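Colleague: Sharing a structure, written as structure tokens. Questions coming.
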Amino acid sequence: MTEPALLDALVADAVAGEPRARDRLLGAIHPLVLRYCRGRLGRQETVIGSADDIAQEVCLAVVNALPGYTIRGLSFRAFVYGIAAHKVTDAFRAISRNRAEPMADLPDSPVVYDGPEHHLLASELTERLGSLLCHLTPRQREVLVLRIAVGMSAEETAQAVGSTPGAVRVTQHRALNRLRRILAGLFVGEVDEPDER
């Protein structure tokens with residue numbers, strides 16, 4: 001994780017047009033963008049590409065926006081999040097317009113840890129997490145993705161969603177409590193069900 005002071009210095013140099021600073025800046029934000037895109041889109045391949053492809057588009061958009069970016073003391077990560085949120089929204093729109101069922105490409109070489117069991121378990125985990133997140137409000141989902149998956153601070157998240165840090169913390173607390181209650185109910189329900197053997 002890149003420290004905010006180092007990130008700010010990289011941003012200033014990248015805006016000034018230094019290629020090395022731009023490359024280091026992209027290296028610092030790409031993992032954050034990728035986590036955000038995967039948190040919102042999952043790891044499944046869609047008609048418009050994968051979350052990895054959307055993350056690349058976000059990074060390209062950030063590079064294109066750098067010459068016009070004005071340093072105003074605001075969080076650069078929130079600026080990047082804004083671009084990422086728009087790209088993810090565009091991806092959801094494209095997915096909803098296209099009803100085709102894409103076929104996955106065959107890998108060029110065998111993947112050791114990517115067998116059918118791994119895919120099934122990953123798919124099941126993604127499905128369970130998605131069904132849990134559906135119990136949250138859109139704002140709670142957005143705050144959890146930014147705070148937990150992306151790793152943004154409460155202040156950066158507040159700036160990104162147009163709120164206050166205190167409201168972000170309260171939203172995160174309520175969302176996590178709601179998920180805890182749901183999980184507790186699921187586990188109690190599983191324990192209370194009779195064995196069908």
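Letters A, B, ... mark the chains of the structure tokens in the order given; residue numbers begin at 1 per chain; ligand numbers begin at 1, in order shown.
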If we count only C-alpha atoms and set the cut-off at 9 Å, which residues sit around Leu179 (chain A), ignoring sequence neighbours fewer than 4 positions away in its own chain? Please answer as a list in words.

Modeller: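 Once the nearby chain positions are removed, what remains is Leu132, Leu133, His135, Leu136, Arg174, Ala175, Leu183 and Ala184 of chain A.
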
Colleague: Have a look at A:Glu57, A:Thr89, A:Glu127, A:Gln159 and name the one nearest to Arg77 (chain A); count only C-alpha atoms.

Modeller: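 When distances to Arg77 (chain A) are compared using only C-alpha atoms, the smallest one comes from A:Gln159.
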
Colleague: Give me the residues near region 65-70 of chain A as a VMD selection string, where near means some atom within 8 Å (using only C-alpha atoms) and where sequence neighbours in that chain fewer than 5 positions away do not count.

Modeller: chain A and resid 14 to 17

Colleague: Grab the residues selected above and save them as a short mmCIF file (atom, residue, chain, number, x, y, z; two decimals), in the first residue's frame with all heavy atoms.

Modeller:
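Output file selection_35.cif is given in full below:
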data_model
loop_
_atom_site.label_atom_id
_atom_site.label_comp_id
_atom_site.auth_asym_id
_atom_site.auth_seq_id
_atom_site.Cartn_x
_atom_site.Cartn_y
_atom_site.Cartn_z
N ALA A 14 3.71 13.31 -11.77
CA ALA A 14 3.03 12.75 -12.95
C ALA A 14 2.24 13.83 -13.68
O ALA A 14 2.23 13.85 -14.92
CB ALA A 14 2.10 11.61 -12.53
N VAL A 15 1.60 14.73 -12.95
CA VAL A 15 0.87 15.83 -13.58
C VAL A 15 1.85 16.74 -14.32
O VAL A 15 1.53 17.28 -15.38
CB VAL A 15 0.05 16.62 -12.52
CG1 VAL A 15 -0.47 17.93 -13.08
CG2 VAL A 15 -1.10 15.77 -12.00
N ALA A 16 3.06 16.88 -13.78
CA ALA A 16 4.09 17.70 -14.42
C ALA A 16 4.63 17.02 -15.69
O ALA A 16 5.37 17.64 -16.44
CB ALA A 16 5.23 17.98 -13.46
N GLY A 17 4.27 15.74 -15.90
CA GLY A 17 4.65 15.06 -17.13
C GLY A 17 5.85 14.14 -17.03
O GLY A 17 6.39 13.72 -18.05
#

Colleague: Restricting the calculation to only C-alpha atoms: of A:Ala158, A:Leu41, A:Ile148, A:Ala84, which residue gets closest to Leu176 (chain A)?

Modeller: A:Ile148

Colleague: Can you work out which one of A:Asn177, A:Gly151, A:Arg139, A:Ile54 has the shortest atom-to-atom distance to Ser163 (chain A), counting only C-alpha atoms?

Modeller: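 Looking only at the distances to Ser163 (chain A), the closest residue turns out to be A:Arg139.
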
Colleague: How many Å lie between CA of Arg24 (chain A) and CA of Leu144 (chain A), rounded to one decimal?

Modeller: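 These atoms are spaced 27.1 Å apart.
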
Colleague: Which value, in Å to one decimal, gives the distance between CA of Arg178 (chain A) and CA of Gly162 (chain A)?

Modeller: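 Those two atoms sit 22.7 Å apart.
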
Colleague: Separation of CA of Leu146 (chain A) and CA of Gln172 (chain A), in Å?

Modeller: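 Computing the Euclidean distance for CA of Leu146 (chain A) and CA of Gln172 (chain A) yields 10.0 Å.
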
Colleague: Choose the residue, out of A:Cys37, A:Leu60, A:Leu186, A:Leu125, that has the smallest atom-to-atom separation from Asp90 (chain A); count only C-alpha atoms.

Modeller: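 Ranked by minimum distance to Asp90 (chain A), first place goes to A:Cys37.
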
Colleague: Could you list, as a PyMOL selection string, every residue within 8 Å of region 6-8 of chain A, counting only C-alpha atoms and ignoring same-chain residues fewer than 5 positions away?

Modeller: chain A and resi 25+28+76

Colleague: Go through A:Ile83, A:Val145, A:Ala122, A:Ala78 one by one, measure the shortest atom-to-atom distance of each to Thr171 (chain A) using only C-alpha atoms, and give the residue with the smallest value.

Modeller: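 Nearest candidate to Thr171 (chain A) out of A:Ile83, A:Val145, A:Ala122, A:Ala78: A:Val145.
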
Colleague: Give me the residues near Ser75 (chain A) as a list in words, where near means some atom within 12 Å (using only C-alpha atoms) and where sequence neighbours in that chain fewer than 6 positions away do not count.

Modeller: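 Contacts, in chain order: Glu3, Pro4, Ala5, Leu7, Asp8, Val11, Tyr69, Tyr81, Gly82, Met152, Ser153, Ala154, Glu155, Glu156, Thr157, Ala158, Gln159 and Ala160 of chain A.
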